[in-house]
Amino acid sequence: MATLSMGKPQMMRRPLLGWTIHDGLVVARRNLIQTVRIPEMLFFSLVQPVIFVLLFAYVFGGAIPIPGDAGADAYRNYLMPGIFGQTVAFAAAASTVGLAEDMHKGIIDRFRALPMSPPAVLVGRTLADAVRQILVLAVLSITGFIVGWRISNGLLPAIGAYALLLLFAYTVAWIGSWIGLHMPNPETANTAGLAWLFPLTFLSNAFVPISSMPTWLQAFAAYNPVSTVVLASRELFGNPTGIQPDYWPLQHASLYTLISCAVLIAIFATLAVRKYTRTTSR
Amino acid sequence: MTRDLAVHAEGLVRTFGDVRALDGIDLTVERGQVVGLLGPNGAGKTTTVRILSTLLAPTAGRATVAGFDVVKQADEVRRSIGLTGQYAAIDEYLTGRENLRMFGGLYHLSPKYVKERSEELLDWFDLSDAADRPAKTYSGGMRRRLDLAASLVAQPSILFLDEPTTGLDPRSRLGLWDVINNLVAQGTTVLLTTQYLEEADQLAQDIVVIDQGRVIAHGTSEELKDQIGGDRIEIHVTDSSRIDDAVRAVRSVSTGEPLVEDSRVSAPVTGGSTVLVAAIRALDADGIEVSDLVLRRPTLDDVFMSLTGHAAEEATTATPPKKGRRGRGSK
């Protein structure tokens, strides 16, 4: 057997934040390669929202009136940003399952025994899960166009809407990551990762106007960031918004979305990184 | 003082709830040494390695690795070590090459160096042909080799191997032993855990036997074997009528009274193979023909048995091995 070269290789020096970004990108790249190598997973993660579009557009569409707008097209235009919001929220489940699997397989142990930046595994995870949503949003938008959804407020606001949706995806990915670090195994993660997302996305204006809900529910739905990211998208895409009850977040949907994303990232990134540095794989 | 030691642990204690996994482990590994941590499942081997590799904080006690405190200077420790756990901690969907490059990048090595080093490791571990296949398609032995290669990307001076050959077939195990012996020959310090007595015997100069979170014996494999008594010489004579002459010849080299059983004579001896030569000479001088002549060393199994009062295997079944850990990795 040949001799393996020995001797200390020079490790590069860089400020900590620089390493966090560098290591985060290395891990994100790894997670995105996984996406490409398991096309089935990506395919099925696309199938569900597409089915939702078709179900709501053709089955429920006629039964849900949008105050201030009339006709089936009105609901489809109302629906699409709701589907976008719900779909990107479900990015969180991928983060939960992904981290639970990494812990289960022991690769987290290797990461933790490396002199890498501790938040990088989570930065990479959330980044990759958000980036994946670009493709999801593209496929959904095309489906939307086919069923009659239109962008009618110009290109720049539309880009703003997509950016807001991706920021929201990144935010929920942090929440999902924090949950994932508490999971005893990938099977539990599969269930737990989804459990909180159904009430969160349905108790919002994603599919029905908030004004149609009982008053006590309206308050929750109004402060739910899912509602504001969806409402902001409707405004930016130039889609019907319905009539908003008098809540501050609904009057300032984009601003409230930005603020809540920043606050949620700050909270859950801190919690998740702390959990990560203390966790041990099972 | 501790700077010259690769590993120095004093009174390591780790509790998990009510369970005292480590109950005061002292451990010293000199640079360039190979130390085997031997014990049954649940003895505390993995917990010890996890503390030394900064994955777990000790409840009490302290440890330095490469002269750095494992708690206060975790990053410095991480730069000096390579870790290979019980389960191949590689990314299944990445190719072998991608895995090595990813870990190299995370060690903060220059991209140029990582590129060259990855090729060198792939070649050395005989993985070049499979370098562009996802690790998912690798056999168990290949995964372990890739896992070990990944821990060598940054040329660590200290290597922790936690049950490196568990679950491997005998051929892959021999291959991995070869690799480990090679690394040691090149000056790497190795702390390995194993529940295979044979493995500790094969790889480690120094063996630390632990049971129930405590060090119960420590020494070279030879010293441990001597603790339970020395070697025995055993001869089988071809012609049983000459058994008395054979006993006389054996007595001239043995340290105790020979035992006779049919055509076999056995006796305790000290001095290893020189005794064997002396015995052959004595037998030959009398013209005694033997069909078999062996110097039997007590095995580490004997050692373990006498130290703990139970066989290593027995303890294994008492603490059932963790299940389902490997998941799809075992396919």
# chains A, B, ... in the order shown; residues from 1 in each chain; ligands from 1

$ residues_around --residues "region 193-204 of chain A" --least-positions-apart "4" --cutoff "8 Å" --atoms "only C-alpha atoms" --output "list in words"
Gly85, Gln86, Ala89, Phe90, Ala92, Ala93, Ala94, Thr96, Val97, Gly176, Ile179, Gly180, Ala189, Val208, Ile210, Leu217, Phe220, Ala221, Ala222, Asn224, Val226 and Ser227 of chain A

$ residues_around --residues "Phe84 (chain A)" --least-positions-apart "2" --cutoff "9 Å" --atoms "only C-alpha atoms" --output "list in words"
Pro49, Leu79, Met80, Pro81, Gly82, Gln86, Thr87, Val88, Ala89, Val136, Leu137, Leu140, Ser141, Leu165, Ala206, Val230 and Ser233 of chain A

$ write_last_selection --atoms "all heavy atoms" --output "mmCIF file, in the first residue's frame"
data_model
loop_
_atom_site.group_PDB
_atom_site.id
_atom_site.type_symbol
_atom_site.label_atom_id
_atom_site.label_comp_id
_atom_site.auth_asym_id
_atom_site.auth_seq_id
_atom_site.Cartn_x
_atom_site.Cartn_y
_atom_site.Cartn_z
ATOM 1 N N PRO A 49 -49.379 20.341 -4.293
ATOM 2 C CA PRO A 49 -49.939 21.675 -4.542
ATOM 3 C C PRO A 49 -50.683 21.789 -5.873
ATOM 4 O O PRO A 49 -51.686 22.508 -5.960
ATOM 5 C CB PRO A 49 -48.716 22.599 -4.506
ATOM 6 C CG PRO A 49 -47.529 21.737 -4.472
ATOM 7 C CD PRO A 49 -47.940 20.396 -4.008
ATOM 8 N N LEU A 79 -57.426 32.486 -5.327
ATOM 9 C CA LEU A 79 -56.875 31.223 -4.819
ATOM 10 C C LEU A 79 -55.356 31.106 -4.961
ATOM 11 O O LEU A 79 -54.669 30.681 -4.024
ATOM 12 C CB LEU A 79 -57.542 30.051 -5.559
ATOM 13 C CG LEU A 79 -56.935 28.662 -5.312
ATOM 14 C CD1 LEU A 79 -57.257 28.193 -3.908
ATOM 15 C CD2 LEU A 79 -57.449 27.665 -6.340
ATOM 16 N N MET A 80 -54.839 31.469 -6.142
ATOM 17 C CA MET A 80 -53.429 31.147 -6.424
ATOM 18 C C MET A 80 -52.443 31.671 -5.375
ATOM 19 O O MET A 80 -51.605 30.906 -4.886
ATOM 20 C CB MET A 80 -53.039 31.611 -7.832
ATOM 21 C CG MET A 80 -53.533 30.697 -8.942
ATOM 22 S SD MET A 80 -53.265 28.927 -8.647
ATOM 23 C CE MET A 80 -51.484 28.864 -8.621
ATOM 24 N N PRO A 81 -52.494 32.954 -4.984
ATOM 25 C CA PRO A 81 -51.560 33.385 -3.925
ATOM 26 C C PRO A 81 -51.762 32.593 -2.636
ATOM 27 O O PRO A 81 -50.796 32.357 -1.892
ATOM 28 C CB PRO A 81 -51.922 34.858 -3.722
ATOM 29 C CG PRO A 81 -52.521 35.276 -5.027
ATOM 30 C CD PRO A 81 -53.291 34.071 -5.509
ATOM 31 N N GLY A 82 -52.999 32.135 -2.379
ATOM 32 C CA GLY A 82 -53.259 31.313 -1.202
ATOM 33 C C GLY A 82 -52.530 29.978 -1.292
ATOM 34 O O GLY A 82 -51.901 29.508 -0.332
ATOM 35 N N GLN A 86 -49.586 28.614 1.121
ATOM 36 C CA GLN A 86 -49.668 27.331 1.814
ATOM 37 C C GLN A 86 -48.492 26.426 1.423
ATOM 38 O O GLN A 86 -47.868 25.795 2.262
ATOM 39 C CB GLN A 86 -50.985 26.629 1.460
ATOM 40 C CG GLN A 86 -51.204 25.409 2.337
ATOM 41 C CD GLN A 86 -52.101 24.365 1.721
ATOM 42 O OE1 GLN A 86 -52.141 24.191 0.500
ATOM 43 N NE2 GLN A 86 -52.831 23.683 2.562
ATOM 44 N N THR A 87 -48.183 26.395 0.126
ATOM 45 C CA THR A 87 -47.125 25.505 -0.353
ATOM 46 C C THR A 87 -45.775 25.871 0.242
ATOM 47 O O THR A 87 -45.043 25.001 0.716
ATOM 48 C CB THR A 87 -47.062 25.542 -1.885
ATOM 49 O OG1 THR A 87 -48.360 25.266 -2.390
ATOM 50 C CG2 THR A 87 -46.088 24.519 -2.413
ATOM 51 N N VAL A 88 -45.431 27.167 0.235
ATOM 52 C CA VAL A 88 -44.122 27.524 0.779
ATOM 53 C C VAL A 88 -44.073 27.286 2.285
ATOM 54 O O VAL A 88 -43.019 26.969 2.835
ATOM 55 C CB VAL A 88 -43.678 28.974 0.430
ATOM 56 C CG1 VAL A 88 -43.511 29.132 -1.076
ATOM 57 C CG2 VAL A 88 -44.630 30.006 0.992
ATOM 58 N N ALA A 89 -45.235 27.401 2.956
ATOM 59 C CA ALA A 89 -45.256 27.104 4.391
ATOM 60 C C ALA A 89 -44.870 25.648 4.634
ATOM 61 O O ALA A 89 -44.201 25.319 5.606
ATOM 62 C CB ALA A 89 -46.633 27.399 4.986
ATOM 63 N N VAL A 136 -40.727 25.104 -7.105
ATOM 64 C CA VAL A 136 -42.120 24.807 -6.759
ATOM 65 C C VAL A 136 -43.024 25.964 -7.193
ATOM 66 O O VAL A 136 -44.082 25.753 -7.803
ATOM 67 C CB VAL A 136 -42.248 24.544 -5.235
ATOM 68 C CG1 VAL A 136 -43.695 24.375 -4.835
ATOM 69 C CG2 VAL A 136 -41.439 23.313 -4.846
ATOM 70 N N LEU A 137 -42.589 27.196 -6.903
ATOM 71 C CA LEU A 137 -43.395 28.361 -7.278
ATOM 72 C C LEU A 137 -43.521 28.482 -8.790
ATOM 73 O O LEU A 137 -44.577 28.860 -9.308
ATOM 74 C CB LEU A 137 -42.781 29.640 -6.696
ATOM 75 C CG LEU A 137 -42.990 29.852 -5.185
ATOM 76 C CD1 LEU A 137 -42.219 31.074 -4.706
ATOM 77 C CD2 LEU A 137 -44.469 29.997 -4.846
ATOM 78 N N LEU A 140 -46.066 25.892 -9.945
ATOM 79 C CA LEU A 140 -47.399 26.326 -9.516
ATOM 80 C C LEU A 140 -47.906 27.487 -10.356
ATOM 81 O O LEU A 140 -49.089 27.546 -10.712
ATOM 82 C CB LEU A 140 -47.372 26.738 -8.045
ATOM 83 C CG LEU A 140 -47.560 25.628 -7.023
ATOM 84 C CD1 LEU A 140 -47.562 26.230 -5.634
ATOM 85 C CD2 LEU A 140 -48.859 24.882 -7.272
ATOM 86 N N SER A 141 -47.007 28.431 -10.644
ATOM 87 C CA SER A 141 -47.419 29.601 -11.433
ATOM 88 C C SER A 141 -47.904 29.167 -12.809
ATOM 89 O O SER A 141 -48.918 29.669 -13.314
ATOM 90 C CB SER A 141 -46.247 30.575 -11.587
ATOM 91 O OG SER A 141 -45.859 31.043 -10.318
ATOM 92 N N LEU A 165 -42.687 35.622 -0.699
ATOM 93 C CA LEU A 165 -43.030 34.210 -0.486
ATOM 94 C C LEU A 165 -41.782 33.387 -0.135
ATOM 95 O O LEU A 165 -41.818 32.515 0.737
ATOM 96 C CB LEU A 165 -43.703 33.631 -1.740
ATOM 97 C CG LEU A 165 -45.156 34.083 -1.968
ATOM 98 C CD1 LEU A 165 -45.584 33.837 -3.410
ATOM 99 C CD2 LEU A 165 -46.100 33.359 -1.003
ATOM 100 N N ALA A 206 -55.867 31.920 3.134
ATOM 101 C CA ALA A 206 -55.342 31.258 1.935
ATOM 102 C C ALA A 206 -56.467 30.778 1.018
ATOM 103 O O ALA A 206 -56.389 30.917 -0.198
ATOM 104 C CB ALA A 206 -54.444 30.096 2.333
ATOM 105 N N VAL A 230 -49.941 35.987 2.137
ATOM 106 C CA VAL A 230 -50.875 35.715 1.047
ATOM 107 C C VAL A 230 -51.539 37.015 0.595
ATOM 108 O O VAL A 230 -51.626 37.306 -0.608
ATOM 109 C CB VAL A 230 -51.935 34.674 1.502
ATOM 110 C CG1 VAL A 230 -53.078 34.605 0.501
ATOM 111 C CG2 VAL A 230 -51.287 33.311 1.682
ATOM 112 N N SER A 233 -49.141 39.124 -1.314
ATOM 113 C CA SER A 233 -48.951 38.579 -2.662
ATOM 114 C C SER A 233 -50.132 38.956 -3.557
ATOM 115 O O SER A 233 -49.952 39.323 -4.715
ATOM 116 C CB SER A 233 -48.825 37.059 -2.626
ATOM 117 O OG SER A 233 -47.821 36.678 -1.747
#

$ closest_residue --among "B:Arg101, B:Arg264, B:Arg281, B:Arg251" --to "chain A" --atoms "only C-alpha atoms"
B:Arg101

$ atom_distance --atom1 "CA of Val237 (chain B)" --atom2 "CA of Ala282 (chain B)"
13.4 Å

$ select_by_dssp --residues "region 46-181 of chain B" --states "helix (DSSP H, G or I)" --output "PyMOL selection string"
chain B and resi 46-52+74-80+96-106+111-124+128-130+135-137+140-151+170-181

$ interface_residues --of "chain A" --to "chain B" --cutoff "6 Å" --atoms "only C-alpha atoms" --output "mmCIF file with all heavy atoms, in the first residue's frame"
data_model
loop_
_atom_site.group_PDB
_atom_site.id
_atom_site.type_symbol
_atom_site.label_atom_id
_atom_site.label_comp_id
_atom_site.auth_asym_id
_atom_site.auth_seq_id
_atom_site.Cartn_x
_atom_site.Cartn_y
_atom_site.Cartn_z
ATOM 1 N N MET A 11 -4.967 25.436 7.287
ATOM 2 C CA MET A 11 -6.383 25.768 7.292
ATOM 3 C C MET A 11 -6.510 27.279 7.078
ATOM 4 O O MET A 11 -5.741 28.059 7.607
ATOM 5 C CB MET A 11 -7.021 25.351 8.609
ATOM 6 C CG MET A 11 -7.012 23.831 8.762
ATOM 7 S SD MET A 11 -8.067 23.202 10.052
ATOM 8 C CE MET A 11 -7.649 21.445 10.016
ATOM 9 N N MET A 12 -7.492 27.649 6.262
ATOM 10 C CA MET A 12 -7.642 29.051 5.901
ATOM 11 C C MET A 12 -8.235 29.840 7.061
ATOM 12 O O MET A 12 -8.951 29.312 7.892
ATOM 13 C CB MET A 12 -8.532 29.179 4.669
ATOM 14 C CG MET A 12 -7.953 28.487 3.446
ATOM 15 S SD MET A 12 -8.923 28.783 1.967
ATOM 16 C CE MET A 12 -10.409 27.886 2.311
ATOM 17 N N ASP A 23 -19.637 27.873 4.984
ATOM 18 C CA ASP A 23 -20.056 26.529 5.390
ATOM 19 C C ASP A 23 -21.535 26.309 5.096
ATOM 20 O O ASP A 23 -21.939 25.215 4.690
ATOM 21 C CB ASP A 23 -19.787 26.312 6.885
ATOM 22 C CG ASP A 23 -18.298 26.376 7.213
ATOM 23 O OD1 ASP A 23 -17.495 26.372 6.266
ATOM 24 O OD2 ASP A 23 -17.958 26.429 8.404
ATOM 25 N N GLN A 34 -28.890 16.464 -3.152
ATOM 26 C CA GLN A 34 -29.846 15.410 -2.748
ATOM 27 C C GLN A 34 -31.150 15.535 -3.513
ATOM 28 O O GLN A 34 -31.714 14.541 -3.968
ATOM 29 C CB GLN A 34 -30.162 15.527 -1.251
ATOM 30 C CG GLN A 34 -29.076 14.992 -0.356
ATOM 31 C CD GLN A 34 -29.534 14.863 1.085
ATOM 32 O OE1 GLN A 34 -30.560 15.422 1.468
ATOM 33 N NE2 GLN A 34 -28.782 14.143 1.885
ATOM 34 N N GLY A 106 -26.424 9.796 11.553
ATOM 35 C CA GLY A 106 -25.144 10.071 12.199
ATOM 36 C C GLY A 106 -24.281 11.094 11.500
ATOM 37 O O GLY A 106 -23.194 11.408 11.962
ATOM 38 N N ILE A 107 -24.756 11.650 10.370
ATOM 39 C CA ILE A 107 -23.900 12.612 9.664
ATOM 40 C C ILE A 107 -23.808 13.922 10.459
ATOM 41 O O ILE A 107 -22.810 14.631 10.389
ATOM 42 C CB ILE A 107 -24.382 12.859 8.213
ATOM 43 C CG1 ILE A 107 -23.279 13.524 7.391
ATOM 44 C CG2 ILE A 107 -25.657 13.671 8.174
ATOM 45 C CD1 ILE A 107 -23.462 13.436 5.906
ATOM 46 N N ALA A 113 -18.344 17.318 14.778
ATOM 47 C CA ALA A 113 -16.951 17.072 15.147
ATOM 48 C C ALA A 113 -15.984 17.794 14.207
ATOM 49 O O ALA A 113 -14.781 17.633 14.307
ATOM 50 C CB ALA A 113 -16.662 15.574 15.161
ATOM 51 N N LEU A 114 -16.517 18.586 13.283
ATOM 52 C CA LEU A 114 -15.670 19.355 12.366
ATOM 53 C C LEU A 114 -15.495 20.774 12.913
ATOM 54 O O LEU A 114 -16.365 21.268 13.626
ATOM 55 C CB LEU A 114 -16.328 19.455 10.986
ATOM 56 C CG LEU A 114 -16.436 18.183 10.145
ATOM 57 C CD1 LEU A 114 -17.136 18.497 8.835
ATOM 58 C CD2 LEU A 114 -15.070 17.599 9.875
ATOM 59 N N PRO A 115 -14.371 21.407 12.549
ATOM 60 C CA PRO A 115 -14.168 22.772 13.035
ATOM 61 C C PRO A 115 -14.980 23.790 12.235
ATOM 62 O O PRO A 115 -14.544 24.902 12.009
ATOM 63 C CB PRO A 115 -12.658 22.982 12.850
ATOM 64 C CG PRO A 115 -12.300 22.086 11.717
ATOM 65 C CD PRO A 115 -13.218 20.902 11.799
ATOM 66 N N MET A 116 -16.165 23.387 11.792
ATOM 67 C CA MET A 116 -16.984 24.278 10.974
ATOM 68 C C MET A 116 -17.836 25.183 11.860
ATOM 69 O O MET A 116 -17.968 24.959 13.053
ATOM 70 C CB MET A 116 -17.881 23.468 10.039
ATOM 71 C CG MET A 116 -18.903 22.610 10.754
ATOM 72 S SD MET A 116 -19.794 21.486 9.644
ATOM 73 C CE MET A 116 -20.995 22.567 8.903
#

$ residues_around --residues "region 55-58 of chain A" --least-positions-apart "6" --cutoff "8 Å" --atoms "only C-alpha atoms" --output "MDAnalysis selection string"
chainID A and resid 72 75:76 79 147

$ write_last_selection --atoms "all heavy atoms" --output "mmCIF file, in the first residue's frame"
data_model
loop_
_atom_site.group_PDB
_atom_site.id
_atom_site.type_symbol
_atom_site.label_atom_id
_atom_site.label_comp_id
_atom_site.auth_asym_id
_atom_site.auth_seq_id
_atom_site.Cartn_x
_atom_site.Cartn_y
_atom_site.Cartn_z
ATOM 1 N N ALA A 72 -66.208 32.721 -11.314
ATOM 2 C CA ALA A 72 -65.265 31.644 -11.021
ATOM 3 C C ALA A 72 -63.819 32.118 -11.182
ATOM 4 O O ALA A 72 -62.943 31.753 -10.425
ATOM 5 C CB ALA A 72 -65.538 30.445 -11.923
ATOM 6 N N TYR A 75 -62.374 33.719 -8.096
ATOM 7 C CA TYR A 75 -61.861 32.831 -7.066
ATOM 8 C C TYR A 75 -60.503 32.248 -7.448
ATOM 9 O O TYR A 75 -59.620 32.125 -6.624
ATOM 10 C CB TYR A 75 -62.846 31.702 -6.728
ATOM 11 C CG TYR A 75 -62.314 30.877 -5.576
ATOM 12 C CD1 TYR A 75 -62.260 31.433 -4.295
ATOM 13 C CD2 TYR A 75 -61.785 29.614 -5.776
ATOM 14 C CE1 TYR A 75 -61.715 30.729 -3.236
ATOM 15 C CE2 TYR A 75 -61.229 28.898 -4.725
ATOM 16 C CZ TYR A 75 -61.197 29.453 -3.452
ATOM 17 O OH TYR A 75 -60.648 28.759 -2.414
ATOM 18 N N ARG A 76 -60.342 31.910 -8.733
ATOM 19 C CA ARG A 76 -59.050 31.351 -9.147
ATOM 20 C C ARG A 76 -57.916 32.363 -8.962
ATOM 21 O O ARG A 76 -56.815 32.013 -8.562
ATOM 22 C CB ARG A 76 -59.112 30.878 -10.598
ATOM 23 C CG ARG A 76 -59.852 29.558 -10.684
ATOM 24 C CD ARG A 76 -60.119 29.122 -12.074
ATOM 25 N NE ARG A 76 -61.273 28.232 -12.047
ATOM 26 C CZ ARG A 76 -61.928 27.830 -13.111
ATOM 27 N NH1 ARG A 76 -61.551 28.241 -14.311
ATOM 28 N NH2 ARG A 76 -62.954 27.035 -13.002
ATOM 29 N N LEU A 79 -57.426 32.486 -5.327
ATOM 30 C CA LEU A 79 -56.875 31.223 -4.819
ATOM 31 C C LEU A 79 -55.356 31.106 -4.961
ATOM 32 O O LEU A 79 -54.669 30.681 -4.024
ATOM 33 C CB LEU A 79 -57.542 30.051 -5.559
ATOM 34 C CG LEU A 79 -56.935 28.662 -5.312
ATOM 35 C CD1 LEU A 79 -57.257 28.193 -3.908
ATOM 36 C CD2 LEU A 79 -57.449 27.665 -6.340
ATOM 37 N N VAL A 147 -55.115 27.447 -15.393
ATOM 38 C CA VAL A 147 -56.501 27.501 -14.894
ATOM 39 C C VAL A 147 -57.078 28.920 -14.907
ATOM 40 O O VAL A 147 -58.204 29.137 -14.477
ATOM 41 C CB VAL A 147 -56.659 26.888 -13.478
ATOM 42 C CG1 VAL A 147 -56.177 25.450 -13.461
ATOM 43 C CG2 VAL A 147 -55.950 27.734 -12.432
#

$ closest_residue --among "B:Gln205, B:Ser266, B:Ser221, B:Thr48" --to "Glu234 (chain B)" --atoms "only C-alpha atoms"
B:Ser266

$ residues_around --residues "Asp126 (chain B)" --least-positions-apart "4" --cutoff "10 Å" --atoms "only C-alpha atoms" --output "PyMOL selection string"
chain B and resi 120-122+130-131+142+145-146

$ residues_around --residues "region 159-162 of chain A" --least-positions-apart "5" --cutoff "12 Å" --atoms "only C-alpha atoms" --output "JSON, numbers by chain"
{"A": [81, 84, 85, 88, 130, 131, 133, 134, 135, 136, 137, 138, 140, 141, 151, 153, 154, 167, 168, 169, 228, 229, 230, 231, 232, 233, 234, 235, 236, 237, 238, 239, 253, 254, 257, 258]}

$ write_last_selection --atoms "C-alpha atoms" --output "tab-separated table (two decimals), in the first residue's frame"
chain	number	residue	atom	x	y	z
A	81	PRO	CA	-51.56	33.39	-3.93
A	84	PHE	CA	-48.45	29.78	-3.01
A	85	GLY	CA	-48.56	30.75	0.66
A	88	VAL	CA	-44.12	27.52	0.78
A	130	ALA	CA	-36.10	27.87	0.50
A	131	VAL	CA	-34.23	27.67	-2.80
A	133	GLN	CA	-39.33	26.59	-3.41
A	134	ILE	CA	-38.26	28.63	-6.45
A	135	LEU	CA	-38.89	25.59	-8.62
A	136	VAL	CA	-42.12	24.81	-6.76
A	137	LEU	CA	-43.39	28.36	-7.28
A	138	ALA	CA	-42.50	28.21	-10.96
A	140	LEU	CA	-47.40	26.33	-9.52
A	141	SER	CA	-47.42	29.60	-11.43
A	151	ILE	CA	-50.53	38.72	-12.85
A	153	ASN	CA	-50.00	44.60	-11.57
A	154	GLY	CA	-46.75	44.60	-13.53
A	167	LEU	CA	-38.58	34.93	2.61
A	168	PHE	CA	-41.58	33.33	4.25
A	169	ALA	CA	-40.40	29.88	3.09
A	228	THR	CA	-50.36	38.53	5.51
A	229	VAL	CA	-47.90	36.92	3.10
A	230	VAL	CA	-50.88	35.72	1.05
A	231	LEU	CA	-52.62	39.09	1.22
A	232	ALA	CA	-49.40	40.92	0.32
A	233	SER	CA	-48.95	38.58	-2.66
A	234	ARG	CA	-52.53	39.21	-3.80
A	235	GLU	CA	-51.92	42.93	-3.64
A	236	LEU	CA	-48.59	42.71	-5.44
A	237	PHE	CA	-49.89	40.33	-8.13
A	238	GLY	CA	-52.97	42.52	-8.59
A	239	ASN	CA	-55.34	39.70	-7.62
A	253	ALA	CA	-49.62	43.16	4.89
A	254	SER	CA	-46.13	43.52	3.34
A	257	THR	CA	-44.87	40.02	6.83
A	258	LEU	CA	-41.35	41.48	6.79

$ atom_distance --atom1 "CA of Thr59 (chain B)" --atom2 "CA of Thr15 (chain B)"
6.4 Å

$ residues_around --residues "region 217-220 of chain B" --least-positions-apart "6" --cutoff "7 Å" --atoms "only C-alpha atoms" --output "list in words"
Gln205, Asp206, Ile207, Val208 and Val209 of chain B

$ write_last_selection --atoms "N, CA, C and O atoms" --output "PDB file, in the first residue's frame"
ATOM      1  N   GLN B 205      -1.498  -1.570  20.755  1.00  0.00           N
ATOM      2  CA  GLN B 205      -0.357  -1.951  21.589  1.00  0.00           C
ATOM      3  C   GLN B 205      -0.824  -1.950  23.036  1.00  0.00           C
ATOM      4  O   GLN B 205      -0.416  -2.774  23.844  1.00  0.00           O
ATOM      5  N   ASP B 206      -1.670  -0.989  23.343  1.00  0.00           N
ATOM      6  CA  ASP B 206      -2.118  -0.803  24.707  1.00  0.00           C
ATOM      7  C   ASP B 206      -3.618  -1.022  24.763  1.00  0.00           C
ATOM      8  O   ASP B 206      -4.337  -0.505  23.920  1.00  0.00           O
ATOM      9  N   ILE B 207      -4.055  -1.770  25.735  1.00  0.00           N
ATOM     10  CA  ILE B 207      -5.481  -2.049  25.822  1.00  0.00           C
ATOM     11  C   ILE B 207      -6.018  -1.579  27.165  1.00  0.00           C
ATOM     12  O   ILE B 207      -5.411  -1.809  28.214  1.00  0.00           O
ATOM     13  N   VAL B 208      -7.124  -0.862  27.096  1.00  0.00           N
ATOM     14  CA  VAL B 208      -7.801  -0.421  28.310  1.00  0.00           C
ATOM     15  C   VAL B 208      -9.134  -1.158  28.328  1.00  0.00           C
ATOM     16  O   VAL B 208      -9.937  -1.010  27.417  1.00  0.00           O
ATOM     17  N   VAL B 209      -9.310  -1.971  29.345  1.00  0.00           N
ATOM     18  CA  VAL B 209     -10.563  -2.728  29.438  1.00  0.00           C
ATOM     19  C   VAL B 209     -11.531  -1.948  30.316  1.00  0.00           C
ATOM     20  O   VAL B 209     -11.189  -1.573  31.439  1.00  0.00           O
TER      21      VAL B 209
END

$ residues_around --residues "Val121 (chain A)" --least-positions-apart "3" --cutoff "8 Å" --atoms "only C-alpha atoms" --output "mmCIF file with C-alpha atoms, in the first residue's frame"
data_model
loop_
_atom_site.group_PDB
_atom_site.id
_atom_site.type_symbol
_atom_site.label_atom_id
_atom_site.label_comp_id
_atom_site.auth_asym_id
_atom_site.auth_seq_id
_atom_site.Cartn_x
_atom_site.Cartn_y
_atom_site.Cartn_z
ATOM 1 C CA ASP A 23 -20.056 26.529 5.390
ATOM 2 C CA GLY A 24 -23.754 27.272 5.000
ATOM 3 C CA VAL A 27 -24.170 22.366 3.240
ATOM 4 C CA PHE A 111 -20.574 17.816 11.155
ATOM 5 C CA PRO A 118 -21.953 25.667 14.242
ATOM 6 C CA GLY A 124 -27.526 25.337 4.717
ATOM 7 C CA ARG A 125 -30.641 23.331 5.471
#

$ atom_distance --atom1 "CA of Ala120 (chain A)" --atom2 "CA of Leu16 (chain A)"
10.8 Å

$ select_by_dssp --residues "region 44-107 of chain B" --states "strand (DSSP E)" --output "list in words"
Ala60, Gly61, Arg62, Ala63, Thr64, Val65, Phe68, Asp69, Ile81, Gly82, Leu83 and Thr84 of chain B

$ write_last_selection --atoms "N, CA, C and O atoms" --output "compact mmCIF listing (two decimals), in the first residue's frame"
# COMPACT_ATOMS: atom_id res chain seq x y z
N ALA B 60 -18.60 15.37 34.79
CA ALA B 60 -17.50 15.74 35.69
C ALA B 60 -16.20 15.22 35.09
O ALA B 60 -16.21 14.37 34.21
N GLY B 61 -15.09 15.74 35.62
CA GLY B 61 -13.79 15.32 35.10
C GLY B 61 -13.35 16.22 33.96
O GLY B 61 -14.11 17.10 33.53
N ARG B 62 -12.13 16.01 33.50
CA ARG B 62 -11.66 16.83 32.40
C ARG B 62 -10.82 15.99 31.43
O ARG B 62 -10.30 14.94 31.80
N ALA B 63 -10.69 16.50 30.22
CA ALA B 63 -9.91 15.78 29.23
C ALA B 63 -9.27 16.75 28.26
O ALA B 63 -9.86 17.78 27.92
N THR B 64 -8.06 16.43 27.85
CA THR B 64 -7.43 17.20 26.78
C THR B 64 -7.13 16.25 25.63
O THR B 64 -6.84 15.08 25.84
N VAL B 65 -7.27 16.80 24.43
CA VAL B 65 -6.92 16.06 23.22
C VAL B 65 -5.98 16.95 22.42
O VAL B 65 -6.30 18.12 22.20
N PHE B 68 -5.43 20.26 23.96
CA PHE B 68 -6.53 21.23 24.09
C PHE B 68 -7.67 20.65 24.92
O PHE B 68 -7.99 19.46 24.80
N ASP B 69 -8.26 21.51 25.72
CA ASP B 69 -9.38 21.08 26.56
C ASP B 69 -10.61 20.80 25.69
O ASP B 69 -11.00 21.64 24.87
N ILE B 81 -8.42 16.31 15.11
CA ILE B 81 -8.87 14.92 15.16
C ILE B 81 -9.64 14.49 13.92
O ILE B 81 -10.15 15.31 13.17
N GLY B 82 -9.69 13.20 13.74
CA GLY B 82 -10.59 12.61 12.78
C GLY B 82 -11.46 11.64 13.57
O GLY B 82 -11.00 11.03 14.52
N LEU B 83 -12.73 11.54 13.18
CA LEU B 83 -13.63 10.66 13.92
C LEU B 83 -14.38 9.76 12.97
O LEU B 83 -14.96 10.22 11.98
N THR B 84 -14.35 8.48 13.24
CA THR B 84 -15.17 7.55 12.48
C THR B 84 -16.04 6.80 13.47
O THR B 84 -15.53 6.12 14.36
